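Chemist: Dropping in my_file_13.cif, with mmCIF, C-alpha atoms.
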data_coords
#
loop_
_atom_site.group_PDB
_atom_site.id
_atom_site.type_symbol
_atom_site.label_atom_id
_atom_site.label_comp_id
_atom_site.auth_asym_id
_atom_site.auth_seq_id
_atom_site.Cartn_x
_atom_site.Cartn_y
_atom_site.Cartn_z
ATOM 1 C CA MET M 4 96.823 29.346 -27.132
ATOM 2 C CA THR M 5 93.170 29.856 -26.232
ATOM 3 C CA PHE M 6 93.921 28.550 -22.746
ATOM 4 C CA ALA M 7 96.617 31.219 -22.279
ATOM 5 C CA LEU M 8 94.112 33.876 -23.419
ATOM 6 C CA GLU M 9 91.508 32.495 -21.021
ATOM 7 C CA ILE M 10 93.924 32.616 -18.096
ATOM 8 C CA ALA M 11 94.923 36.195 -19.030
ATOM 9 C CA LEU M 12 91.245 37.230 -19.107
ATOM 10 C CA VAL M 13 90.491 35.497 -15.797
ATOM 11 C CA VAL M 14 93.443 37.266 -14.149
ATOM 12 C CA PHE M 15 92.355 40.594 -15.692
ATOM 13 C CA VAL M 16 88.776 40.190 -14.408
ATOM 14 C CA VAL M 17 89.841 39.209 -10.889
ATOM 15 C CA VAL M 18 92.410 42.037 -10.679
ATOM 16 C CA SER M 19 89.783 44.570 -11.869
ATOM 17 C CA ALA M 20 87.312 43.360 -9.237
ATOM 18 C CA VAL M 21 89.943 43.637 -6.489
ATOM 19 C CA ALA M 22 90.917 47.104 -7.779
ATOM 20 C CA VAL M 23 87.270 48.212 -7.469
ATOM 21 C CA ALA M 24 87.304 47.008 -3.858
ATOM 22 C CA PHE M 25 90.340 49.085 -2.876
ATOM 23 C CA LEU M 26 90.044 52.252 -4.998
ATOM 24 C CA ARG M 27 88.824 55.165 -2.898
ATOM 25 C CA ASP M 28 87.914 57.330 -5.893
ATOM 26 C CA VAL M 29 84.384 56.304 -6.945
ATOM 27 C CA LEU M 30 84.880 57.593 -10.514
ATOM 28 C CA GLY M 31 87.992 55.409 -10.843
ATOM 29 C CA ALA M 32 86.061 52.431 -9.470
ATOM 30 C CA ILE M 33 83.351 52.950 -12.108
ATOM 31 C CA VAL M 34 85.899 53.020 -14.941
ATOM 32 C CA VAL M 35 87.599 49.864 -13.635
ATOM 33 C CA PHE M 36 84.169 48.221 -13.253
ATOM 34 C CA ALA M 37 83.410 48.968 -16.926
ATOM 35 C CA SER M 38 86.653 47.223 -17.950
ATOM 36 C CA PHE M 39 85.724 44.317 -15.641
ATOM 37 C CA THR M 40 82.454 43.962 -17.557
ATOM 38 C CA LEU M 41 84.243 44.068 -20.910
ATOM 39 C CA GLY M 42 86.654 41.359 -19.714
ATOM 40 C CA LEU M 43 83.671 39.199 -18.780
ATOM 41 C CA ALA M 44 82.119 39.843 -22.220
ATOM 42 C CA MET M 45 85.304 38.496 -23.822
ATOM 43 C CA ILE M 46 85.068 35.379 -21.624
ATOM 44 C CA TRP M 47 81.475 34.874 -22.864
ATOM 45 C CA VAL M 48 82.795 34.863 -26.451
ATOM 46 C CA ILE M 49 85.355 32.178 -25.554
ATOM 47 C CA LEU M 50 82.625 30.139 -23.825
ATOM 48 C CA GLN M 51 80.561 30.278 -27.070
ATOM 49 C CA ALA M 52 77.865 32.622 -25.765
ATOM 50 C CA PRO M 53 78.006 35.473 -28.345
ATOM 51 C CA ASP M 54 74.443 36.673 -27.587
ATOM 52 C CA VAL M 55 75.302 37.097 -23.913
ATOM 53 C CA ALA M 56 78.595 38.790 -24.834
ATOM 54 C CA LEU M 57 76.822 41.375 -27.017
ATOM 55 C CA THR M 58 74.247 42.142 -24.314
ATOM 56 C CA GLU M 59 76.918 42.305 -21.618
ATOM 57 C CA ALA M 60 79.088 44.692 -23.639
ATOM 58 C CA ALA M 61 76.211 46.953 -24.758
ATOM 59 C CA VAL M 62 73.992 46.930 -21.669
ATOM 60 C CA GLY M 63 76.459 45.928 -18.969
ATOM 61 C CA ALA M 64 79.475 48.009 -19.901
ATOM 62 C CA GLY M 65 77.611 50.718 -21.858
ATOM 63 C CA VAL M 66 74.293 51.578 -20.208
ATOM 64 C CA MET M 67 75.416 50.611 -16.712
ATOM 65 C CA SER M 68 78.502 52.873 -16.853
ATOM 66 C CA VAL M 69 76.364 55.786 -18.051
ATOM 67 C CA LEU M 70 73.967 55.230 -15.116
ATOM 68 C CA PHE M 71 76.860 55.171 -12.632
ATOM 69 C CA LEU M 72 78.461 58.271 -14.181
ATOM 70 C CA LEU M 73 75.149 60.169 -14.043
ATOM 71 C CA THR M 74 74.832 59.230 -10.374
ATOM 72 C CA VAL M 75 78.348 60.480 -9.607
ATOM 73 C CA ALA M 76 77.613 63.690 -11.525
ATOM 74 C CA ARG M 77 74.588 64.311 -9.276
ATOM 75 C CA THR M 78 76.314 63.288 -6.029
ATOM 76 C CA THR M 79 79.966 63.344 -4.933
ATOM 77 C CA ARG M 80 83.036 61.725 -6.413
ATOM 78 C CA THR M 81 85.237 60.746 -3.481
ATOM 79 C CA GLU M 82 84.482 58.894 -0.287
ATOM 80 C CA GLY M 83 85.700 61.980 1.539
ATOM 81 C CA ASP M 84 88.766 60.456 3.239
ATOM 82 C CA GLU M 85 92.477 60.906 2.591
ATOM 83 C CA GLY M 86 94.598 58.514 0.518
ATOM 84 C CA TYR M 87 94.413 56.720 -2.787
ATOM 85 C CA LEU M 88 93.498 53.223 -1.604
ATOM 86 C CA ARG M 89 91.222 51.961 1.148
ATOM 87 C CA PRO M 90 92.851 50.049 4.022
ATOM 88 C CA VAL M 91 92.115 46.311 4.237
ATOM 89 C CA ASN M 92 89.061 45.608 6.401
ATOM 90 C CA PHE M 93 90.094 42.414 8.205
ATOM 91 C CA LYS M 94 86.654 41.729 9.712
ATOM 92 C CA ALA M 95 85.029 41.827 6.278
ATOM 93 C CA LEU M 96 87.901 39.765 4.876
ATOM 94 C CA ALA M 97 87.332 37.067 7.521
ATOM 95 C CA ILE M 98 83.603 36.803 6.731
ATOM 96 C CA VAL M 99 84.287 36.691 2.988
ATOM 97 C CA PHE M 100 87.029 34.084 3.467
ATOM 98 C CA VAL M 101 84.616 31.780 5.325
ATOM 99 C CA LEU M 102 82.124 32.050 2.443
ATOM 100 C CA PHE M 103 84.910 31.419 -0.080
ATOM 101 C CA VAL M 104 86.108 28.260 1.705
ATOM 102 C CA ILE M 105 82.538 26.918 1.942
ATOM 103 C CA LEU M 106 82.080 27.525 -1.799
ATOM 104 C CA LEU M 107 85.466 25.921 -2.595
ATOM 105 C CA ALA M 108 84.376 22.757 -0.783
ATOM 106 C CA THR M 109 81.740 22.261 -3.512
ATOM 107 C CA VAL M 110 84.269 22.429 -6.390
ATOM 108 C CA PRO M 111 85.196 18.688 -6.531
ATOM 109 C CA ALA M 112 81.485 17.839 -6.985
ATOM 110 C CA LEU M 113 81.169 20.073 -10.086
ATOM 111 C CA PRO M 114 81.865 18.853 -13.647
ATOM 112 C CA GLU M 115 85.145 19.986 -15.211
ATOM 113 C CA VAL M 116 85.114 23.010 -17.536
ATOM 114 C CA GLY M 117 84.106 21.731 -21.006
ATOM 115 C CA ASP M 118 83.267 18.214 -19.764
ATOM 116 C CA PRO M 119 81.126 16.596 -22.538
ATOM 117 C CA ASN M 120 79.562 14.323 -19.889
ATOM 118 C CA ALA M 121 78.290 17.259 -17.821
ATOM 119 C CA PRO M 122 74.540 17.009 -17.091
ATOM 120 C CA ALA M 123 73.768 20.377 -18.703
ATOM 121 C CA VAL M 124 74.942 19.277 -22.186
ATOM 122 C CA GLN M 125 73.301 15.828 -22.502
ATOM 123 C CA GLU M 126 70.767 15.480 -25.303
ATOM 124 C CA THR M 127 69.230 12.347 -23.799
ATOM 125 C CA VAL M 128 69.228 11.101 -20.218
ATOM 126 C CA ASP M 129 67.567 7.912 -19.025
ATOM 127 C CA GLY M 130 64.378 8.964 -17.266
ATOM 128 C CA ALA M 131 64.713 12.663 -18.228
ATOM 129 C CA GLN M 132 62.108 14.684 -16.324
ATOM 130 C CA THR M 133 59.681 17.127 -17.892
ATOM 131 C CA PRO M 134 56.917 19.088 -16.130
ATOM 132 C CA TYR M 135 54.559 16.344 -17.359
ATOM 133 C CA GLY M 136 56.525 13.378 -15.998
ATOM 134 C CA VAL M 137 59.275 11.264 -17.537
ATOM 135 C CA ALA M 138 59.979 12.141 -21.199
ATOM 136 C CA ASP M 139 59.009 9.199 -23.418
ATOM 137 C CA ASP M 140 62.066 9.632 -25.696
ATOM 138 C CA ASN M 141 64.451 10.450 -22.791
ATOM 139 C CA ARG M 142 65.158 13.881 -24.287
ATOM 140 C CA THR M 143 66.422 16.638 -21.976
ATOM 141 C CA PRO M 144 65.344 20.261 -22.516
ATOM 142 C CA TYR M 145 68.757 20.799 -24.160
ATOM 143 C CA GLY M 146 68.169 17.971 -26.647
ATOM 144 C CA TYR M 147 64.657 19.236 -27.288
ATOM 145 C CA TYR M 148 65.766 22.818 -28.031
ATOM 146 C CA ILE M 149 68.609 21.657 -30.299
ATOM 147 C CA GLU M 150 66.358 19.334 -32.317
ATOM 148 C CA GLN M 151 63.133 21.332 -32.421
ATOM 149 C CA THR M 152 64.363 24.919 -32.937
ATOM 150 C CA PRO M 153 64.521 24.771 -36.780
ATOM 151 C CA ILE M 154 61.138 22.978 -36.854
ATOM 152 C CA ASP M 155 59.159 24.954 -34.234
ATOM 153 C CA ALA M 156 60.625 28.425 -34.746
ATOM 154 C CA GLY M 157 61.949 28.188 -38.300
ATOM 155 C CA ILE M 158 65.240 29.857 -37.326
ATOM 156 C CA ARG M 159 68.749 28.569 -36.655
ATOM 157 C CA ASN M 160 69.553 30.546 -33.531
ATOM 158 C CA ALA M 161 68.434 28.386 -30.591
ATOM 159 C CA VAL M 162 69.073 31.200 -28.084
ATOM 160 C CA ALA M 163 66.608 33.498 -29.872
ATOM 161 C CA ALA M 164 64.115 30.622 -30.191
ATOM 162 C CA VAL M 165 64.236 29.805 -26.475
ATOM 163 C CA LEU M 166 64.038 33.506 -25.579
ATOM 164 C CA VAL M 167 60.992 34.340 -27.693
ATOM 165 C CA VAL M 168 59.226 31.025 -28.385
ATOM 166 C CA TYR M 169 59.819 28.434 -25.663
ATOM 167 C CA ARG M 170 60.324 30.848 -22.774
ATOM 168 C CA GLY M 171 58.410 33.846 -24.080
ATOM 169 C CA LEU M 172 56.605 34.147 -20.752
ATOM 170 C CA ASP M 173 59.956 34.651 -18.978
ATOM 171 C CA THR M 174 60.780 37.416 -21.425
ATOM 172 C CA PHE M 175 57.386 38.991 -20.731
ATOM 173 C CA GLY M 176 58.236 38.849 -17.004
ATOM 174 C CA GLU M 177 61.544 40.563 -17.785
ATOM 175 C CA ALA M 178 59.678 43.359 -19.584
ATOM 176 C CA VAL M 179 57.425 43.753 -16.510
ATOM 177 C CA VAL M 180 60.532 44.092 -14.295
ATOM 178 C CA VAL M 181 62.040 46.722 -16.601
ATOM 179 C CA PHE M 182 58.745 48.646 -16.661
ATOM 180 C CA SER M 183 58.457 48.512 -12.844
ATOM 181 C CA ALA M 184 62.051 49.712 -12.480
ATOM 182 C CA ILE M 185 61.418 52.685 -14.797
ATOM 183 C CA VAL M 186 58.246 53.587 -12.854
ATOM 184 C CA GLY M 187 60.215 53.230 -9.616
ATOM 185 C CA VAL M 188 63.016 55.519 -10.821
ATOM 186 C CA LEU M 189 60.498 58.137 -11.976
ATOM 187 C CA VAL M 190 58.624 58.002 -8.651
ATOM 188 C CA VAL M 191 61.826 58.284 -6.612
ATOM 189 C CA LEU M 192 63.312 61.176 -8.620
ATOM 190 C CA ARG M 193 60.160 63.166 -9.526
ATOM 191 C CA ARG M 194 59.118 63.719 -5.908
ATOM 192 C CA GLU M 195 61.958 66.131 -5.342
ATOM 193 C CA GLU M 196 61.253 68.163 -8.476
ATOM 194 C CA ALA M 197 57.568 68.551 -7.585
ATOM 195 C CA ARG M 198 58.340 70.308 -4.291
ATOM 196 C CA MET X 137 105.782 9.873 1.270
ATOM 197 C CA SER X 138 103.067 11.269 3.490
ATOM 198 C CA ALA X 139 99.370 11.188 2.622
ATOM 199 C CA MET X 140 99.443 14.966 2.183
ATOM 200 C CA GLU X 141 102.008 14.723 -0.647
ATOM 201 C CA ILE X 142 99.776 12.296 -2.547
ATOM 202 C CA VAL X 143 96.455 14.089 -1.958
ATOM 203 C CA ALA X 144 97.641 17.691 -2.481
ATOM 204 C CA PRO X 145 98.675 17.483 -6.198
ATOM 205 C CA ALA X 146 95.466 15.568 -7.044
ATOM 206 C CA LEU X 147 93.427 18.259 -5.293
ATOM 207 C CA VAL X 148 95.281 21.003 -7.203
ATOM 208 C CA ASP X 149 94.373 19.247 -10.486
ATOM 209 C CA VAL X 150 90.721 19.172 -9.393
ATOM 210 C CA PHE X 151 90.742 22.966 -8.946
ATOM 211 C CA VAL X 152 92.787 23.682 -12.097
ATOM 212 C CA ALA X 153 90.347 21.667 -14.244
ATOM 213 C CA ARG X 154 87.495 23.813 -12.844
ATOM 214 C CA TYR X 155 89.189 27.219 -13.196
ATOM 215 C CA TYR X 156 86.017 29.099 -14.159
ATOM 216 C CA HIS X 157 84.184 27.742 -11.118
ATOM 217 C CA VAL X 158 87.038 28.867 -8.876
ATOM 218 C CA THR X 159 87.009 32.301 -10.593
ATOM 219 C CA PHE X 160 83.273 32.519 -9.937
ATOM 220 C CA MET X 161 83.892 31.857 -6.240
ATOM 221 C CA VAL X 162 86.704 34.437 -6.053
ATOM 222 C CA LEU X 163 84.460 37.065 -7.692
ATOM 223 C CA VAL X 164 81.560 36.244 -5.330
ATOM 224 C CA ALA X 165 83.968 36.789 -2.422
ATOM 225 C CA VAL X 166 85.250 40.101 -3.854
ATOM 226 C CA GLY X 167 81.691 41.322 -4.512
ATOM 227 C CA LEU X 168 80.608 40.490 -0.971
ATOM 228 C CA TYR X 169 83.756 42.164 0.398
ATOM 229 C CA ILE X 170 82.878 45.400 -1.446
ATOM 230 C CA LEU X 171 79.294 45.209 -0.146
ATOM 231 C CA ILE X 172 80.474 44.860 3.475
ATOM 232 C CA ASP X 173 83.555 47.098 3.416
ATOM 233 C CA SER X 174 82.574 50.110 1.287
ATOM 234 C CA LYS X 175 80.868 52.952 3.107
ATOM 235 C CA ASN X 176 80.042 54.711 -0.167
ATOM 236 C CA LEU X 177 76.594 53.733 -1.393
ATOM 237 C CA VAL X 178 77.566 53.944 -5.107
ATOM 238 C CA LYS X 179 80.423 51.505 -4.506
ATOM 239 C CA LYS X 180 78.049 49.174 -2.686
ATOM 240 C CA VAL X 181 75.925 49.048 -5.854
ATOM 241 C CA ILE X 182 79.074 48.243 -7.879
ATOM 242 C CA GLY X 183 79.842 45.425 -5.417
ATOM 243 C CA LEU X 184 76.322 44.061 -5.852
ATOM 244 C CA ASN X 185 76.859 44.031 -9.624
ATOM 245 C CA ILE X 186 80.196 42.187 -9.349
ATOM 246 C CA PHE X 187 78.510 39.601 -7.096
ATOM 247 C CA GLN X 188 75.724 39.180 -9.643
ATOM 248 C CA MET X 189 77.970 38.955 -12.716
ATOM 249 C CA SER X 190 80.081 36.244 -11.088
ATOM 250 C CA VAL X 191 76.954 34.074 -10.944
ATOM 251 C CA PHE X 192 76.570 34.656 -14.701
ATOM 252 C CA LEU X 193 80.043 33.141 -15.129
ATOM 253 C CA PHE X 194 78.881 30.005 -13.289
ATOM 254 C CA PHE X 195 75.862 29.584 -15.600
ATOM 255 C CA ILE X 196 77.729 30.211 -18.860
ATOM 256 C CA THR X 197 80.454 27.761 -17.786
ATOM 257 C CA ALA X 198 77.807 25.082 -17.159
ATOM 258 C CA ALA X 199 76.429 25.585 -20.683
ATOM 259 C CA TYR X 200 79.829 25.053 -22.352
ATOM 260 C CA GLN X 201 81.353 21.779 -23.555
ATOM 261 C CA ASP X 202 84.667 21.104 -25.295
ATOM 262 C CA GLY X 203 84.548 21.741 -29.042
ATOM 263 C CA ALA X 204 81.112 23.318 -28.828
ATOM 264 C CA GLY X 205 80.011 26.167 -31.066
ATOM 265 C CA PRO X 206 77.316 28.742 -30.322
ATOM 266 C CA ALA X 207 73.775 27.323 -30.549
ATOM 267 C CA LEU X 208 73.274 28.029 -34.272
ATOM 268 C CA ILE X 209 71.627 24.792 -35.413
ATOM 269 C CA GLU X 210 72.880 23.289 -38.668
ATOM 270 C CA GLU X 211 72.181 20.002 -40.411
ATOM 271 C CA GLY X 212 74.734 17.544 -39.017
ATOM 272 C CA GLY X 213 76.390 20.248 -36.895
ATOM 273 C CA GLY X 214 77.323 20.196 -33.247
ATOM 274 C CA PRO X 215 78.081 19.917 -30.478
ATOM 275 C CA TYR X 216 76.443 23.117 -29.321
ATOM 276 C CA ALA X 217 76.573 25.093 -26.088
ATOM 277 C CA ASN X 218 73.327 24.760 -24.120
ATOM 278 C CA PRO X 219 71.114 27.725 -25.146
ATOM 279 C CA LEU X 220 68.967 27.669 -21.989
ATOM 280 C CA PRO X 221 71.535 29.145 -19.520
ATOM 281 C CA HIS X 222 72.390 31.769 -22.155
ATOM 282 C CA VAL X 223 68.746 32.859 -22.260
ATOM 283 C CA LEU X 224 68.471 32.924 -18.461
ATOM 284 C CA ILE X 225 71.580 35.115 -18.256
ATOM 285 C CA LEU X 226 70.355 37.448 -21.024
ATOM 286 C CA THR X 227 67.243 38.010 -18.907
ATOM 287 C CA ALA X 228 69.320 38.360 -15.740
ATOM 288 C CA ILE X 229 71.578 41.033 -17.298
ATOM 289 C CA VAL X 230 68.568 43.204 -18.199
ATOM 290 C CA VAL X 231 66.949 42.660 -14.796
ATOM 291 C CA GLY X 232 70.296 43.538 -13.179
ATOM 292 C CA VAL X 233 70.458 46.836 -15.044
ATOM 293 C CA SER X 234 66.871 47.624 -13.957
ATOM 294 C CA LEU X 235 67.755 46.931 -10.316
ATOM 295 C CA THR X 236 70.942 49.009 -10.617
ATOM 296 C CA SER X 237 69.052 51.981 -12.053
ATOM 297 C CA LEU X 238 66.502 51.843 -9.222
ATOM 298 C CA ALA X 239 69.253 51.506 -6.599
ATOM 299 C CA LEU X 240 71.145 54.472 -8.074
ATOM 300 C CA ALA X 241 67.953 56.573 -8.151
ATOM 301 C CA LEU X 242 67.562 55.851 -4.428
ATOM 302 C CA VAL X 243 71.216 56.845 -3.875
ATOM 303 C CA VAL X 244 70.561 60.167 -5.639
ATOM 304 C CA ARG X 245 67.524 60.694 -3.374
ATOM 305 C CA VAL X 246 69.614 59.916 -0.276
ATOM 306 C CA TYR X 247 72.176 62.501 -1.432
ATOM 307 C CA GLU X 248 69.497 65.149 -1.988
ATOM 308 C CA GLU X 249 68.017 64.478 1.452
ATOM 309 C CA TYR X 250 71.197 64.117 3.550
ATOM 310 C CA GLY X 251 73.923 65.767 1.447
ATOM 311 C CA THR X 252 76.174 62.685 1.515
ATOM 312 C CA VAL X 253 76.354 59.150 0.096
ATOM 313 C CA HIS X 254 78.610 57.976 2.930
ATOM 314 C CA GLU X 255 76.815 55.389 5.055
ATOM 315 C CA ASP X 256 78.106 56.589 8.440
ATOM 316 C CA ARG X 257 77.524 60.295 7.667
ATOM 317 C CA VAL X 258 73.933 59.572 6.617
ATOM 318 C CA GLU X 259 73.435 58.052 10.072
ATOM 319 C CA GLU X 260 75.113 61.093 11.705
ATOM 320 C CA VAL X 261 72.782 63.478 9.845
ATOM 321 C CA MET X 262 69.787 61.335 10.833
ATOM 322 C CA ALA X 263 70.902 61.426 14.503
ATOM 323 C CA ASP X 264 71.284 65.231 14.405
ATOM 324 C CA GLU X 265 67.764 65.791 13.145
#
As a first step, turn the structure in this file into structure tokens.
Modeler:
Amino acid sequence: MTFALEIALVVFVVVSAVAVAFLRDVLGAIVVFASFTLGLAMIWVILQAPDVALTEAAVGAGVMSVLFLLTVARTTRTEGDEGYLRPVNFKALAIVFVLFVILLATVPALPEVGDPNAPAVQETVDGAQTPYGVADDNRTPYGYYIEQTPIDAGIRNAVAAVLVVYRGLDTFGEAVVVFSAIVGVLVVLRREEAR
Amino acid sequence: MSAMEIVAPALVDVFVARYYHVTFMVLVAVGLYILIDSKNLVKKVIGLNIFQMSVFLFFITAAYQDGAGPALIEEGGGPYANPLPHVLILTAIVVGVSLTSLALALVVRVYEEYGTVHEDRVEEVMADE
């Protein structure tokens, strides 16, 4: 049952992405892109990442669509040519196909979806590396976060604990990026109004 | 029975068992196609976003294991999805929106300066000046 839902969502997401590629109307492409993002958010829920799903739906589908719509409101809507769909660009398709085949060649080396023996979901690995050398109890970062979150942070949500406690510096870096982007947008757009 | 008939079904199983990885690769290809093919600068930014979000799919898939719940730690609970890729992607989503807003601000500036967001026409206007 869940597998059927997953396949339906995967097909929906891929079809939306392809529709964005061939729609000539930019406004239509933005609407389809918003539904693409929502489809991905549903996949995050199935893959047990509810925090990512909430952010994706609110920021990805919500804020991003508003930004795109504001841009279209201040510029033009169509690409200026006749017809509903763009013709297939075979040169671009050839380049993209080469990349796709190279990526596909790596698939057999990857762990299966949901594989409990995948390296990313092992709590202990013999000779697990930390920035300070081999961990004495063989714990991976995953095992450490799972065990220590209630003790170190006093909360149950490991995602929030990693975000704010263990990797707080990353989150600070994120805030710096957001601040720089806002300054950049203001600099780029204010210049015109000052003239 | 030729070697192809034995190898081909096994290879299909390999790809079917890794359907999210294959989806990630398809979406990377579609995103790159939009980046190369579209002449409209706004659509190029959309293509960049599709490319980026497909990489998110790769990370979230790596964090998942069968029967896992979200990383809400309980006494005797588990297994859990790995919280670390989730955090990295949360950060990446916000950074992606910041980049998109800056890119779109530049697109608006290009439109104000050249009166078009079509790549080729921008070049035409630049050549005329």
Chemist: Name the residues that the PyMOL selection byres ((chain X and resi 182-190) around 7) picks from the file above, as a list of chain:residue names, using the file's chain letters and numbers.
Modeler: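 Residues picked by the PyMOL selection byres ((chain X and resi 182-190) around 7): X:Phe160, X:Leu163, X:Val164, X:Gly167, X:Leu168, X:Ile170, X:Leu171, X:Val178, X:Lys179, X:Lys180, X:Val181, X:Val191, X:Phe192, X:Leu193, X:Phe194.
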Chemist: Keeping only C-alpha atoms, write those residues as a JSON list (two decimals), keeping the file's coordinate frame.
Modeler:
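The new file out.json reads:
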[["chain", "number", "residue", "atom", "x", "y", "z"],
["X", 160, "PHE", "CA", 83.27, 32.52, -9.94],
["X", 163, "LEU", "CA", 84.46, 37.06, -7.69],
["X", 164, "VAL", "CA", 81.56, 36.24, -5.33],
["X", 167, "GLY", "CA", 81.69, 41.32, -4.51],
["X", 168, "LEU", "CA", 80.61, 40.49, -0.97],
["X", 170, "ILE", "CA", 82.88, 45.40, -1.45],
["X", 171, "LEU", "CA", 79.29, 45.21, -0.15],
["X", 178, "VAL", "CA", 77.57, 53.94, -5.11],
["X", 179, "LYS", "CA", 80.42, 51.50, -4.51],
["X", 180, "LYS", "CA", 78.05, 49.17, -2.69],
["X", 181, "VAL", "CA", 75.92, 49.05, -5.85],
["X", 191, "VAL", "CA", 76.95, 34.07, -10.94],
["X", 192, "PHE", "CA", 76.57, 34.66, -14.70],
["X", 193, "LEU", "CA", 80.04, 33.14, -15.13],
["X", 194, "PHE", "CA", 78.88, 30.00, -13.29]]
Chemist: Could you expand the PyMOL selection byres ((chain X) within 6 of (chain M)) into the explicit residues it covers here, written as an NGL selection string?
Modeler: :X and (153-154 or 165 or 170 or 200-202 or 205-209 or 219 or 223 or 226 or 234 or 238 or 241)
Chemist: Would you compute the distance between CA of Ile225 in chain X and CA of Asp149 in chain X? Give it in Å to one decimal.
Modeler: 28.8 Å
Chemist: What gap, in Å, lies between CA of Glu255 in chain X and CA of Lys175 in chain X?
Modeler: 5.1 Å
Chemist: Quote the spacing between CA of Val35 in chain M and CA of Phe15 in chain M in Å to one decimal place.
Modeler: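 Separating CA of Val35 in chain M from CA of Phe15 in chain M is a distance of 10.6 Å.
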Chemist: Can you find the residues with an atom no farther than 12 Å from (62.1, 7.5, -26.8), counting all atoms listed in the file, and report them as an MDAnalysis selection string?
Modeler: chainID M and resid 126:131 137:143
Chemist: What's around Pro221 in chain X at 7 Å? Count only C-alpha atoms, leave out sequence neighbours fewer than 3 positions away in its own chain, and write the answer as a list in words.
Modeler: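 In the requested format, the answer is Phe195, Ile196, Ala199, Asn218, Leu224 and Ile225 of chain X.
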Chemist: Quick one: write out the picked residues with C-alpha atoms as a CSV table (one decimal), keeping the file's coordinate frame?
Modeler:
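Generated file (again23.csv):
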chain,number,residue,atom,x,y,z
X,195,PHE,CA,75.9,29.6,-15.6
X,196,ILE,CA,77.7,30.2,-18.9
X,199,ALA,CA,76.4,25.6,-20.7
X,218,ASN,CA,73.3,24.8,-24.1
X,224,LEU,CA,68.5,32.9,-18.5
X,225,ILE,CA,71.6,35.1,-18.3
Chemist: Output as a PDB file, in the coordinates of the input: range 222-226 of chain X, completed with all heavy atoms.
Modeler:
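Output saved as result00.pdb:
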ATOM      1  N   HIS X 222      72.133  30.495 -21.475  1.00  0.00           N
ATOM      2  CA  HIS X 222      72.390  31.769 -22.155  1.00  0.00           C
ATOM      3  C   HIS X 222      71.166  32.667 -22.077  1.00  0.00           C
ATOM      4  O   HIS X 222      71.272  33.867 -21.800  1.00  0.00           O
ATOM      5  CB  HIS X 222      72.749  31.520 -23.629  1.00  0.00           C
ATOM      6  CG  HIS X 222      74.045  30.792 -23.818  1.00  0.00           C
ATOM      7  ND1 HIS X 222      74.560  30.508 -25.049  1.00  0.00           N
ATOM      8  CD2 HIS X 222      74.937  30.301 -22.932  1.00  0.00           C
ATOM      9  CE1 HIS X 222      75.713  29.879 -24.917  1.00  0.00           C
ATOM     10  NE2 HIS X 222      75.950  29.729 -23.643  1.00  0.00           N
ATOM     11  N   VAL X 223      69.977  32.068 -22.309  1.00  0.00           N
ATOM     12  CA  VAL X 223      68.746  32.859 -22.260  1.00  0.00           C
ATOM     13  C   VAL X 223      68.495  33.372 -20.850  1.00  0.00           C
ATOM     14  O   VAL X 223      68.134  34.546 -20.659  1.00  0.00           O
ATOM     15  CB  VAL X 223      67.554  32.002 -22.754  1.00  0.00           C
ATOM     16  CG1 VAL X 223      66.249  32.722 -22.528  1.00  0.00           C
ATOM     17  CG2 VAL X 223      67.727  31.662 -24.214  1.00  0.00           C
ATOM     18  N   LEU X 224      68.694  32.494 -19.848  1.00  0.00           N
ATOM     19  CA  LEU X 224      68.471  32.924 -18.461  1.00  0.00           C
ATOM     20  C   LEU X 224      69.373  34.101 -18.120  1.00  0.00           C
ATOM     21  O   LEU X 224      68.955  35.059 -17.458  1.00  0.00           O
ATOM     22  CB  LEU X 224      68.742  31.758 -17.505  1.00  0.00           C
ATOM     23  CG  LEU X 224      67.824  30.541 -17.625  1.00  0.00           C
ATOM     24  CD1 LEU X 224      68.237  29.473 -16.631  1.00  0.00           C
ATOM     25  CD2 LEU X 224      66.382  30.935 -17.385  1.00  0.00           C
ATOM     26  N   ILE X 225      70.637  34.049 -18.602  1.00  0.00           N
ATOM     27  CA  ILE X 225      71.580  35.115 -18.256  1.00  0.00           C
ATOM     28  C   ILE X 225      71.256  36.395 -19.036  1.00  0.00           C
ATOM     29  O   ILE X 225      71.407  37.499 -18.501  1.00  0.00           O
ATOM     30  CB  ILE X 225      73.031  34.649 -18.500  1.00  0.00           C
ATOM     31  CG1 ILE X 225      73.362  33.480 -17.587  1.00  0.00           C
ATOM     32  CG2 ILE X 225      74.007  35.771 -18.279  1.00  0.00           C
ATOM     33  CD1 ILE X 225      72.964  33.659 -16.149  1.00  0.00           C
ATOM     34  N   LEU X 226      70.799  36.256 -20.282  1.00  0.00           N
ATOM     35  CA  LEU X 226      70.355  37.448 -21.024  1.00  0.00           C
ATOM     36  C   LEU X 226      69.280  38.179 -20.227  1.00  0.00           C
ATOM     37  O   LEU X 226      69.321  39.404 -20.060  1.00  0.00           O
ATOM     38  CB  LEU X 226      69.777  37.042 -22.382  1.00  0.00           C
ATOM     39  CG  LEU X 226      70.742  36.779 -23.518  1.00  0.00           C
ATOM     40  CD1 LEU X 226      69.974  36.348 -24.749  1.00  0.00           C
ATOM     41  CD2 LEU X 226      71.532  38.024 -23.825  1.00  0.00           C
TER      42      LEU X 226
END
